[in-house]
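One structure is given here, and the rest of the page talks about it.
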Amino acid sequence: MASTFDCRNVTVTRGARHLLADLSLTIAPGLTGLVGPNGAGKTTLLRVLAGLEDPAAGTVAFDGAPLAAMSMQTRARKLAYLAQEAAIHWPMPAREVVALGRLPFADSQSAAGRAACEEAMRLTGTTHLADQIADSLSGGERARILLARAIAVGAPVLLADEPTAALDLKYRLETFSLLRRLADDGQTIVAAFHDLAFAERFADRVIVLSGGLLAGEGMPDSTLTDDLISRVFEVSAGPAGRFGPRWEPA
Amino acid sequence: MPFPSSRSTRITLTALALALAAALSLAVGPAHLSPATLFRGVAGSDETARIILFELRLPRTLLALVIGGGLGLAGAGLQGFLRNPLAAPDLVGASNAAAFGAVVMLATGAANALSWLLPVSAILCSLLAVAGVLAAAGRDPRILTVVLAGLAVSALGAALVALTLNLAPNDFAALEIAFWLLGSLADRSFTHIAIALPPIVLGAALILRRGAMLDALALGEETARSLGFNIAREQVLLVIGVALISGASVAVAGVIGFIGLVAPHLARPFVGSRPAAVLVPSAVTGALMLTCADTALRLIPSLDEIRLGVITALLGAPFFFLLVLRERRSMRWG
C-alpha cells in the first residue's frame with residue numbers, strides 16, 4: 001500500500017522564531033526531494049512527518065488518519081527515519097547497528113528480522129562491513145550503515161535527512177539510485193538534500209522550502225526554475241561547465 | 001571477539017565463577033574454620049560452625065552478590081542511557097546523596113524509631129541526585145557535562161553529609177556514622193538482606209526492561225524516538241531503577257564506590273558493547289568483584305578489618321584515571 005502525507009497549516013515555533021509557518025502540502029508515494037538553503041526548515045518538516053515534532057498549529061494526516069493519534073509503535077513500524085546525526089555511540093559491529101532497525105518489531109534474532117537486515121546491507125553495499133566495528137569505518141561507510149539501519153525497518157515510508165551528505169560521488173549516485181529503486185517498488189520516500197542536479201535527475205517531485213515557507217513544489221523540471229533558484233538560494237546558474245552549471249551569487 | 005564462543009559455555013563458566021567466589025567468601029573469616037569443620041557446619045553436625053556459616057557469613061556473602069550485582073547493573077544502565085563510559089551511580093552523585101539521606105536518619109535517631117526510614121530516605125535522596133544530573137545533562141549528555149554535573153551533585157551530597165556529622169548529637173554517633181560511611185558488609189544479618197533485596201530486585205527489573213531502549217539510544221535520541229521509544233518516560237523509569245539500587249545499597253552497606261563504573265568495562269571485552277548485551281554481564285561482574293573484594297579484605301592481616309568501601313575506592317580510582325586517559329584519546333570529549 002502506498003502511503004501519503006497531508007499537512008494542513010503546519011506551524012512549528014522555537015521561541016519567537018517560526019521554523020515552519022503555515023505550511024500546507026501533500027506528499028505522494030514516490031521519491032520526494034526536500035530542498036532549500038540551510039535553515040529553510042527541511043529537518044523540521046522531516047521531524048514533523050516522522051512524528052518527532054508536534055506542530056504548534058496545524059495537522060498532519062498519514063494515510064488519511066491524524067499522525068498524532070498513531071501509537072508510537074505503529075509509527076515506528078510505518079515511518080523509518082534517518083537522522084542527520086551520524087553518531088554511533090558504542091563500538092558495535094555494523095551488523096548490530098543495522099539490526100537496531102528491527103527494534104520496532106523486536107525480531108532481530110528471528111529469521112524474518114535477520115533477512116530484512118541482510119537485504120538492507122546488500123542494497124546499501126555494506127554486506128562486507130558486517131563484522132567491522134563502527135568506530136573503524138569511514139564517514140561514508142558509516143553513513144551507508146545508518147541508511148541500511150533505516151531500510152532494515154522495512155517501513156512503507158522512509159524519511160531521510162541528508163542521507164548523502166557524507167558520501168563521495170560514486171556512493172551518492174548509488175544511494176540516489178537505491179532510493180529511486182525503493183520508490184519504484186512502492187515506498188514513499190522523502191529525502192532532504194542539497195544537490196539540485198540529483199534532485200532533477202532522481203526525484204519524482206521536489207518541495208522547496210525557504211525560511212519555513214513553501215517556496216515551490218511539483219515536478220523538478222518545472223519547479224526548479226532559474227527564477228526560483230535565484231530567489232531561494234540566492235545563486236544563479238552560469239554557463240554549464242563539465243560538471244554542471246557554475247553557480248554564481250544571484 | 002566474544003570468549004568463550006558458545007553461549008552455554010559462557011553461562012556455565014560464569015555460574016562456576018560466582019559459585020566459587022561465594023564459596024570462598026563463606027570459607028574465610030575471623031574464626032578460622034578448617035574445611036572439615038565447614039563441611040560439618042553445612043551438614044549441621046557442628047552447631048558453632050553452622051551458626052558462623054549461616055548466620056554470620058551467609059548474609060554477608062549474599063549481600064555482596066546482591067549489592068555488587070545491583071551496582072554493576074546500575075552502572076551499565078546509566079552508561080548506556082547517557083552514552084557515556086564514565087557514568088556510574090557514585091559518579092553522578094547518587095551514592096553521596098543516598099549517604100546523606102541515610103546519615104540524617106541516623107543522626108536524628110529517626111532510624112532507631114522507624115527502621116524503614118533509613119532505606120527510604122537514602123533511595124529518595126539518590127533519586128533526587130540522579131534526576132538532577134540527568135536534568136543538567138539535558139538533551140545532549142556529553143561526557144564532560146555529565147561528569148561535571150555529577151561532580152557538583154556529589155560534592156553537595158558530601159557537604160551535606162559533613163554538615164550532618166558536624167552537627168551530630170555526640171562524638172560516639174559521629175564516629176559510628178563515619179565508619180558506616182566507609183562502606184562495609186561486616187556484621188550484617190538477614191534483616192539487612194530483607195531491607196536491601198526488594199528495592200534492588202525492583203530496580204534491577206526496571207533497568208533490565210530498558211535494554212532495547214538503551215540499544216536504540218546508541219544512535220542518538222532522535223533515532224531512538226523514531227524507533228518507538230518514549231525517551232522521557234524511559235528516563236524516569238531508569239532513574240528510579242538506579243536510585244532504588246544505589247539507595248538500598250548505601251542504606252545497608254554504606255558507600256561502596258566504583259563497582260558501577262568498573263563492572264561494565266570489564267564485561268564489554270567478553271560480550272561486546274551493545275548496551276543491552278552488557279547489562280546482565282555487568283551485574284555478574286559487579287557481584288564477582290564485590291564478593292572477591294569482600295573476601296580479600298578479610299585475608300589482609302590488620303588490627304581492624306579494612307572497610308570494603310576503602311578497598312573498592314583504592315582499586316577503582318586508578319581504573320577511573322585510566323578510563324579518563326583512554327577517553328581523552330578517543331576524542332569523544334566535549
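Scheme for the C-alpha cells: letters A, B, ... for chains in order shown; per-chain residue numbers from 1; ligand numbers from 1 in order shown.
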I need the contact residues of chain B against chain A, so if you could list those with any atom within 9 Å, counting only C-alpha atoms, and return them as a ChimeraX atom specification, that would help. /B:80,83-84,212-213,215-220,222-223,225-230,272-275
Any chance you could list, as a ChimeraX atom specification, the residues in region 55-111 of chain A that come up helix (DSSP H, G or I) when DSSP is run on the backbone? /A:67-69,72-78,94-102,111
Restricting it to C-alpha atoms, dump the selection as a short mmCIF file (atom, residue, chain, number, x, y, z; two decimals), in the first residue's frame.
data_model
loop_
_atom_site.label_atom_id
_atom_site.label_comp_id
_atom_site.auth_asym_id
_atom_site.auth_seq_id
_atom_site.Cartn_x
_atom_site.Cartn_y
_atom_site.Cartn_z
CA LEU A 67 -0.45 11.25 12.72
CA ALA A 68 -0.67 12.44 16.32
CA ALA A 69 -3.23 9.73 17.09
CA MET A 72 4.46 5.17 18.95
CA GLN A 73 4.91 1.55 17.98
CA THR A 74 2.76 1.78 14.85
CA ARG A 75 4.56 4.94 13.87
CA ALA A 76 7.93 3.28 14.38
CA ARG A 77 6.88 0.41 12.13
CA LYS A 78 5.48 2.60 9.36
CA ALA A 94 27.94 -2.82 11.74
CA ARG A 95 25.65 -5.88 11.79
CA GLU A 96 24.36 -4.92 15.26
CA VAL A 97 23.84 -1.30 14.18
CA VAL A 98 21.70 -2.38 11.22
CA ALA A 99 19.75 -4.77 13.47
CA LEU A 100 18.61 -1.78 15.56
CA GLY A 101 16.22 -1.10 12.68
CA ARG A 102 14.27 -4.15 13.78
CA ALA A 111 14.67 -15.36 10.57
#
Near region 305-320 of chain B, counting only C-alpha atoms, which residues have an atom at most 7 Å away, once you skip same-chain residues fewer than 5 positions from it, shown as a list in words?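 The contact residues come out as Leu182, Gly183, Ser184, Val255, Ile256, Gly257, Phe258, Val262, Asp294, Leu297 and Arg298 of chain B.
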Please, what distance in Å, to one decimal, runs between CA of Ala56 (chain A) and CA of Thr13 (chain A)?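 CA of Thr13 (chain A) lies at a distance of 6.5 Å from CA of Ala56 (chain A).
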May I ask for the distance between CA of Leu31 (chain A) and CA of Asp161 (chain A), given in Å to one decimal place? 13.3 Å
Near region 236-239 of chain A, counting only C-alpha atoms, which residues have an atom at most 7 Å away, once you skip same-chain residues fewer than 4 positions from it, shown as a list in words?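 Result of the neighbour search: Asp226, Ile229, Ser230, Pro245, Arg246, Trp247, Glu248, Pro249 and Ala250 of chain A.
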Leaving out region 116-123 of chain A and any residue of its chain fewer than 5 positions from it, which residues lie within 6 Å of it when counting only C-alpha atoms, given as a count of residues only? 3
Please identify which residues in region 9-230 of chain A DSSP calls strand (DSSP E) from the backbone, and express them as a PDB file with N, CA, C and O atoms, in the first residue's frame.
ATOM      1  N   ASN A   9      -1.710  23.630   7.173  1.00  0.00           N
ATOM      2  CA  ASN A   9      -1.400  24.810   8.003  1.00  0.00           C
ATOM      3  C   ASN A   9      -0.459  24.496   9.165  1.00  0.00           C
ATOM      4  O   ASN A   9      -0.689  24.922  10.296  1.00  0.00           O
ATOM      5  N   VAL A  10       0.602  23.725   8.858  1.00  0.00           N
ATOM      6  CA  VAL A  10       1.515  23.306   9.928  1.00  0.00           C
ATOM      7  C   VAL A  10       2.455  24.452  10.298  1.00  0.00           C
ATOM      8  O   VAL A  10       3.117  25.033   9.441  1.00  0.00           O
ATOM      9  N   THR A  11       2.470  24.759  11.572  1.00  0.00           N
ATOM     10  CA  THR A  11       3.381  25.783  12.091  1.00  0.00           C
ATOM     11  C   THR A  11       4.194  25.173  13.223  1.00  0.00           C
ATOM     12  O   THR A  11       3.650  24.521  14.109  1.00  0.00           O
ATOM     13  N   VAL A  12       5.513  25.372  13.149  1.00  0.00           N
ATOM     14  CA  VAL A  12       6.397  24.921  14.226  1.00  0.00           C
ATOM     15  C   VAL A  12       7.194  26.124  14.689  1.00  0.00           C
ATOM     16  O   VAL A  12       7.795  26.823  13.873  1.00  0.00           O
ATOM     17  N   THR A  13       7.172  26.366  15.984  1.00  0.00           N
ATOM     18  CA  THR A  13       7.895  27.531  16.511  1.00  0.00           C
ATOM     19  C   THR A  13       8.955  27.090  17.504  1.00  0.00           C
ATOM     20  O   THR A  13       8.844  26.042  18.144  1.00  0.00           O
ATOM     21  N   ARG A  14      10.005  27.900  17.567  1.00  0.00           N
ATOM     22  CA  ARG A  14      11.032  27.704  18.600  1.00  0.00           C
ATOM     23  C   ARG A  14      11.238  29.072  19.224  1.00  0.00           C
ATOM     24  O   ARG A  14      11.849  29.941  18.613  1.00  0.00           O
ATOM     25  N   ARG A  17      10.710  32.289  17.089  1.00  0.00           N
ATOM     26  CA  ARG A  17      11.036  32.006  15.695  1.00  0.00           C
ATOM     27  C   ARG A  17      10.093  30.967  15.094  1.00  0.00           C
ATOM     28  O   ARG A  17       9.754  29.985  15.742  1.00  0.00           O
ATOM     29  N   HIS A  18       9.706  31.188  13.857  1.00  0.00           N
ATOM     30  CA  HIS A  18       8.896  30.204  13.147  1.00  0.00           C
ATOM     31  C   HIS A  18       9.810  29.316  12.313  1.00  0.00           C
ATOM     32  O   HIS A  18      10.432  29.787  11.375  1.00  0.00           O
ATOM     33  N   LEU A  19       9.897  28.042  12.672  1.00  0.00           N
ATOM     34  CA  LEU A  19      10.702  27.113  11.872  1.00  0.00           C
ATOM     35  C   LEU A  19       9.919  26.688  10.635  1.00  0.00           C
ATOM     36  O   LEU A  19      10.479  26.518   9.559  1.00  0.00           O
ATOM     37  N   LEU A  20       8.619  26.496  10.821  1.00  0.00           N
ATOM     38  CA  LEU A  20       7.717  26.264   9.691  1.00  0.00           C
ATOM     39  C   LEU A  20       6.516  27.179   9.907  1.00  0.00           C
ATOM     40  O   LEU A  20       6.014  27.281  11.023  1.00  0.00           O
ATOM     41  N   ALA A  21       6.084  27.835   8.843  1.00  0.00           N
ATOM     42  CA  ALA A  21       4.998  28.798   9.007  1.00  0.00           C
ATOM     43  C   ALA A  21       3.849  28.448   8.079  1.00  0.00           C
ATOM     44  O   ALA A  21       3.970  28.552   6.857  1.00  0.00           O
ATOM     45  N   ASP A  22       2.759  27.960   8.693  1.00  0.00           N
ATOM     46  CA  ASP A  22       1.509  27.763   7.965  1.00  0.00           C
ATOM     47  C   ASP A  22       1.705  26.955   6.685  1.00  0.00           C
ATOM     48  O   ASP A  22       1.246  27.329   5.612  1.00  0.00           O
ATOM     49  N   LEU A  23       2.384  25.834   6.846  1.00  0.00           N
ATOM     50  CA  LEU A  23       2.769  25.037   5.681  1.00  0.00           C
ATOM     51  C   LEU A  23       1.664  24.036   5.330  1.00  0.00           C
ATOM     52  O   LEU A  23       1.229  23.260   6.181  1.00  0.00           O
ATOM     53  N   SER A  24       1.208  24.064   4.102  1.00  0.00           N
ATOM     54  CA  SER A  24       0.218  23.085   3.636  1.00  0.00           C
ATOM     55  C   SER A  24       0.773  22.397   2.405  1.00  0.00           C
ATOM     56  O   SER A  24       1.141  23.063   1.440  1.00  0.00           O
ATOM     57  N   LEU A  25       0.874  21.084   2.464  1.00  0.00           N
ATOM     58  CA  LEU A  25       1.352  20.354   1.292  1.00  0.00           C
ATOM     59  C   LEU A  25       0.968  18.887   1.399  1.00  0.00           C
ATOM     60  O   LEU A  25       0.607  18.392   2.471  1.00  0.00           O
ATOM     61  N   THR A  26       1.023  18.224   0.266  1.00  0.00           N
ATOM     62  CA  THR A  26       0.705  16.802   0.213  1.00  0.00           C
ATOM     63  C   THR A  26       1.941  16.062  -0.272  1.00  0.00           C
ATOM     64  O   THR A  26       2.642  16.554  -1.163  1.00  0.00           O
ATOM     65  N   ILE A  27       2.217  14.921   0.346  1.00  0.00           N
ATOM     66  CA  ILE A  27       3.346  14.119  -0.118  1.00  0.00           C
ATOM     67  C   ILE A  27       2.804  12.791  -0.632  1.00  0.00           C
ATOM     68  O   ILE A  27       2.148  12.046   0.110  1.00  0.00           O
ATOM     69  N   GLY A  30       6.378   7.723  -3.976  1.00  0.00           N
ATOM     70  CA  GLY A  30       7.461   8.055  -4.889  1.00  0.00           C
ATOM     71  C   GLY A  30       8.577   8.744  -4.131  1.00  0.00           C
ATOM     72  O   GLY A  30       8.569   8.782  -2.900  1.00  0.00           O
ATOM     73  N   LEU A  31       9.520   9.293  -4.865  1.00  0.00           N
ATOM     74  CA  LEU A  31      10.664   9.946  -4.235  1.00  0.00           C
ATOM     75  C   LEU A  31      10.478  11.457  -4.257  1.00  0.00           C
ATOM     76  O   LEU A  31      10.446  12.079  -5.321  1.00  0.00           O
ATOM     77  N   THR A  32      10.308  12.018  -3.069  1.00  0.00           N
ATOM     78  CA  THR A  32      10.154  13.465  -2.952  1.00  0.00           C
ATOM     79  C   THR A  32      11.461  14.062  -2.441  1.00  0.00           C
ATOM     80  O   THR A  32      11.960  13.650  -1.394  1.00  0.00           O
ATOM     81  N   GLY A  33      12.005  15.012  -3.179  1.00  0.00           N
ATOM     82  CA  GLY A  33      13.222  15.691  -2.745  1.00  0.00           C
ATOM     83  C   GLY A  33      12.860  16.942  -1.990  1.00  0.00           C
ATOM     84  O   GLY A  33      12.025  17.733  -2.439  1.00  0.00           O
ATOM     85  N   LEU A  34      13.482  17.099  -0.823  1.00  0.00           N
ATOM     86  CA  LEU A  34      13.220  18.266   0.013  1.00  0.00           C
ATOM     87  C   LEU A  34      14.441  19.162  -0.105  1.00  0.00           C
ATOM     88  O   LEU A  34      15.524  18.792   0.363  1.00  0.00           O
ATOM     89  N   VAL A  35      14.305  20.297  -0.786  1.00  0.00           N
ATOM     90  CA  VAL A  35      15.466  21.148  -0.985  1.00  0.00           C
ATOM     91  C   VAL A  35      15.197  22.544  -0.418  1.00  0.00           C
ATOM     92  O   VAL A  35      14.061  22.918  -0.142  1.00  0.00           O
ATOM     93  N   ALA A  57       0.701  24.489  15.564  1.00  0.00           N
ATOM     94  CA  ALA A  57      -0.620  24.627  14.959  1.00  0.00           C
ATOM     95  C   ALA A  57      -0.648  23.790  13.690  1.00  0.00           C
ATOM     96  O   ALA A  57       0.391  23.462  13.134  1.00  0.00           O
ATOM     97  N   GLY A  58      -1.851  23.456  13.256  1.00  0.00           N
ATOM     98  CA  GLY A  58      -1.989  22.684  12.025  1.00  0.00           C
ATOM     99  C   GLY A  58      -2.060  21.192  12.285  1.00  0.00           C
ATOM    100  O   GLY A  58      -1.896  20.732  13.417  1.00  0.00           O
ATOM    101  N   THR A  59      -2.332  20.421  11.238  1.00  0.00           N
ATOM    102  CA  THR A  59      -2.486  18.976  11.391  1.00  0.00           C
ATOM    103  C   THR A  59      -1.676  18.242  10.326  1.00  0.00           C
ATOM    104  O   THR A  59      -1.427  18.761   9.244  1.00  0.00           O
ATOM    105  N   VAL A  60      -1.268  17.044  10.680  1.00  0.00           N
ATOM    106  CA  VAL A  60      -0.606  16.164   9.722  1.00  0.00           C
ATOM    107  C   VAL A  60      -1.400  14.870   9.684  1.00  0.00           C
ATOM    108  O   VAL A  60      -1.655  14.256  10.728  1.00  0.00           O
ATOM    109  N   ALA A  61      -1.813  14.487   8.494  1.00  0.00           N
ATOM    110  CA  ALA A  61      -2.526  13.215   8.352  1.00  0.00           C
ATOM    111  C   ALA A  61      -1.631  12.240   7.600  1.00  0.00           C
ATOM    112  O   ALA A  61      -0.947  12.614   6.645  1.00  0.00           O
ATOM    113  N   PHE A  62      -1.591  11.001   8.085  1.00  0.00           N
ATOM    114  CA  PHE A  62      -0.841   9.952   7.410  1.00  0.00           C
ATOM    115  C   PHE A  62      -1.836   8.902   6.952  1.00  0.00           C
ATOM    116  O   PHE A  62      -2.575   8.343   7.769  1.00  0.00           O
ATOM    117  N   ALA A  65      -5.354   9.380   8.327  1.00  0.00           N
ATOM    118  CA  ALA A  65      -5.627   9.442   9.763  1.00  0.00           C
ATOM    119  C   ALA A  65      -4.631  10.396  10.424  1.00  0.00           C
ATOM    120  O   ALA A  65      -3.500  10.516   9.963  1.00  0.00           O
ATOM    121  N   PRO A  66      -5.042  11.058  11.504  1.00  0.00           N
ATOM    122  CA  PRO A  66      -4.134  12.002  12.153  1.00  0.00           C
ATOM    123  C   PRO A  66      -2.877  11.290  12.666  1.00  0.00           C
ATOM    124  O   PRO A  66      -2.967  10.285  13.363  1.00  0.00           O
ATOM    125  N   LEU A  79       7.041   4.421   9.750  1.00  0.00           N
ATOM    126  CA  LEU A  79       7.855   5.553   9.327  1.00  0.00           C
ATOM    127  C   LEU A  79       9.302   5.337   9.744  1.00  0.00           C
ATOM    128  O   LEU A  79       9.643   5.455  10.911  1.00  0.00           O
ATOM    129  N   ALA A  80      10.149   4.993   8.786  1.00  0.00           N
ATOM    130  CA  ALA A  80      11.577   4.882   9.107  1.00  0.00           C
ATOM    131  C   ALA A  80      12.190   6.266   8.984  1.00  0.00           C
ATOM    132  O   ALA A  80      11.895   7.002   8.041  1.00  0.00           O
ATOM    133  N   TYR A  81      13.017   6.618   9.960  1.00  0.00           N
ATOM    134  CA  TYR A  81      13.593   7.964   9.991  1.00  0.00           C
ATOM    135  C   TYR A  81      15.108   7.860  10.079  1.00  0.00           C
ATOM    136  O   TYR A  81      15.650   7.194  10.953  1.00  0.00           O
ATOM    137  N   LEU A  82      15.774   8.500   9.135  1.00  0.00           N
ATOM    138  CA  LEU A  82      17.234   8.524   9.142  1.00  0.00           C
ATOM    139  C   LEU A  82      17.675   9.921   9.539  1.00  0.00           C
ATOM    140  O   LEU A  82      17.527  10.873   8.773  1.00  0.00           O
ATOM    141  N   VAL A 157       7.374   3.963   4.575  1.00  0.00           N
ATOM    142  CA  VAL A 157       7.857   5.331   4.400  1.00  0.00           C
ATOM    143  C   VAL A 157       9.286   5.439   4.913  1.00  0.00           C
ATOM    144  O   VAL A 157       9.618   4.922   5.977  1.00  0.00           O
ATOM    145  N   LEU A 158      10.135   6.105   4.134  1.00  0.00           N
ATOM    146  CA  LEU A 158      11.497   6.395   4.601  1.00  0.00           C
ATOM    147  C   LEU A 158      11.697   7.905   4.556  1.00  0.00           C
ATOM    148  O   LEU A 158      11.553   8.538   3.502  1.00  0.00           O
ATOM    149  N   LEU A 159      11.991   8.484   5.722  1.00  0.00           N
ATOM    150  CA  LEU A 159      12.250   9.920   5.817  1.00  0.00           C
ATOM    151  C   LEU A 159      13.739  10.088   6.094  1.00  0.00           C
ATOM    152  O   LEU A 159      14.220   9.680   7.145  1.00  0.00           O
ATOM    153  N   ALA A 160      14.469  10.627   5.122  1.00  0.00           N
ATOM    154  CA  ALA A 160      15.927  10.642   5.252  1.00  0.00           C
ATOM    155  C   ALA A 160      16.449  12.071   5.231  1.00  0.00           C
ATOM    156  O   ALA A 160      16.191  12.826   4.294  1.00  0.00           O
ATOM    157  N   ASP A 161      17.171  12.440   6.289  1.00  0.00           N
ATOM    158  CA  ASP A 161      17.717  13.788   6.404  1.00  0.00           C
ATOM    159  C   ASP A 161      19.157  13.800   5.903  1.00  0.00           C
ATOM    160  O   ASP A 161      20.061  13.332   6.588  1.00  0.00           O
ATOM    161  N   THR A 188       7.170   5.296  -0.045  1.00  0.00           N
ATOM    162  CA  THR A 188       7.120   6.753  -0.061  1.00  0.00           C
ATOM    163  C   THR A 188       8.409   7.246   0.572  1.00  0.00           C
ATOM    164  O   THR A 188       8.692   6.930   1.730  1.00  0.00           O
ATOM    165  N   ILE A 189       9.202   7.977  -0.212  1.00  0.00           N
ATOM    166  CA  ILE A 189      10.492   8.414   0.299  1.00  0.00           C
ATOM    167  C   ILE A 189      10.579   9.930   0.254  1.00  0.00           C
ATOM    168  O   ILE A 189      10.307  10.549  -0.776  1.00  0.00           O
ATOM    169  N   VAL A 190      10.910  10.511   1.399  1.00  0.00           N
ATOM    170  CA  VAL A 190      11.147  11.950   1.450  1.00  0.00           C
ATOM    171  C   VAL A 190      12.584  12.136   1.912  1.00  0.00           C
ATOM    172  O   VAL A 190      12.956  11.666   2.983  1.00  0.00           O
ATOM    173  N   ALA A 191      13.401  12.768   1.065  1.00  0.00           N
ATOM    174  CA  ALA A 191      14.804  12.938   1.415  1.00  0.00           C
ATOM    175  C   ALA A 191      15.196  14.396   1.264  1.00  0.00           C
ATOM    176  O   ALA A 191      14.891  15.030   0.250  1.00  0.00           O
ATOM    177  N   ALA A 192      15.853  14.919   2.303  1.00  0.00           N
ATOM    178  CA  ALA A 192      16.383  16.283   2.222  1.00  0.00           C
ATOM    179  C   ALA A 192      17.794  16.210   1.688  1.00  0.00           C
ATOM    180  O   ALA A 192      18.568  15.337   2.090  1.00  0.00           O
ATOM    181  N   ARG A 205       9.154  14.382  -7.360  1.00  0.00           N
ATOM    182  CA  ARG A 205       8.667  15.715  -7.039  1.00  0.00           C
ATOM    183  C   ARG A 205       9.682  16.386  -6.135  1.00  0.00           C
ATOM    184  O   ARG A 205      10.445  15.711  -5.446  1.00  0.00           O
ATOM    185  N   VAL A 206       9.695  17.693  -6.147  1.00  0.00           N
ATOM    186  CA  VAL A 206      10.506  18.413  -5.162  1.00  0.00           C
ATOM    187  C   VAL A 206       9.611  19.348  -4.361  1.00  0.00           C
ATOM    188  O   VAL A 206       8.591  19.837  -4.861  1.00  0.00           O
ATOM    189  N   ILE A 207      10.009  19.515  -3.103  1.00  0.00           N
ATOM    190  CA  ILE A 207       9.386  20.527  -2.251  1.00  0.00           C
ATOM    191  C   ILE A 207      10.500  21.512  -1.925  1.00  0.00           C
ATOM    192  O   ILE A 207      11.559  21.107  -1.439  1.00  0.00           O
ATOM    193  N   VAL A 208      10.277  22.784  -2.238  1.00  0.00           N
ATOM    194  CA  VAL A 208      11.307  23.790  -1.976  1.00  0.00           C
ATOM    195  C   VAL A 208      10.871  24.621  -0.776  1.00  0.00           C
ATOM    196  O   VAL A 208       9.779  25.203  -0.786  1.00  0.00           O
ATOM    197  N   LEU A 209      11.701  24.629   0.260  1.00  0.00           N
ATOM    198  CA  LEU A 209      11.399  25.423   1.447  1.00  0.00           C
ATOM    199  C   LEU A 209      12.360  26.599   1.516  1.00  0.00           C
ATOM    200  O   LEU A 209      13.513  26.519   1.074  1.00  0.00           O
ATOM    201  N   SER A 210      11.852  27.675   2.065  1.00  0.00           N
ATOM    202  CA  SER A 210      12.698  28.850   2.265  1.00  0.00           C
ATOM    203  C   SER A 210      12.177  29.607   3.473  1.00  0.00           C
ATOM    204  O   SER A 210      11.025  30.043   3.483  1.00  0.00           O
ATOM    205  N   LEU A 213       8.850  28.651   4.887  1.00  0.00           N
ATOM    206  CA  LEU A 213       7.686  28.781   3.996  1.00  0.00           C
ATOM    207  C   LEU A 213       7.860  27.869   2.790  1.00  0.00           C
ATOM    208  O   LEU A 213       8.979  27.524   2.412  1.00  0.00           O
ATOM    209  N   LEU A 214       6.734  27.511   2.190  1.00  0.00           N
ATOM    210  CA  LEU A 214       6.777  26.724   0.967  1.00  0.00           C
ATOM    211  C   LEU A 214       7.080  27.652  -0.207  1.00  0.00           C
ATOM    212  O   LEU A 214       6.306  28.549  -0.522  1.00  0.00           O
ATOM    213  N   ALA A 215       8.236  27.431  -0.836  1.00  0.00           N
ATOM    214  CA  ALA A 215       8.618  28.320  -1.944  1.00  0.00           C
ATOM    215  C   ALA A 215       8.229  27.727  -3.283  1.00  0.00           C
ATOM    216  O   ALA A 215       8.179  28.436  -4.286  1.00  0.00           O
ATOM    217  N   GLY A 216       7.988  26.434  -3.312  1.00  0.00           N
ATOM    218  CA  GLY A 216       7.575  25.820  -4.564  1.00  0.00           C
ATOM    219  C   GLY A 216       7.435  24.326  -4.390  1.00  0.00           C
ATOM    220  O   GLY A 216       8.054  23.728  -3.507  1.00  0.00           O
ATOM    221  N   GLU A 217       6.601  23.688  -5.197  1.00  0.00           N
ATOM    222  CA  GLU A 217       6.520  22.231  -5.183  1.00  0.00           C
ATOM    223  C   GLU A 217       6.023  21.749  -6.535  1.00  0.00           C
ATOM    224  O   GLU A 217       5.320  22.458  -7.250  1.00  0.00           O
ATOM    225  N   GLY A 218       6.433  20.556  -6.901  1.00  0.00           N
ATOM    226  CA  GLY A 218       5.992  19.984  -8.158  1.00  0.00           C
ATOM    227  C   GLY A 218       7.100  19.168  -8.796  1.00  0.00           C
ATOM    228  O   GLY A 218       8.054  18.761  -8.117  1.00  0.00           O
TER     229      GLY A 218
END
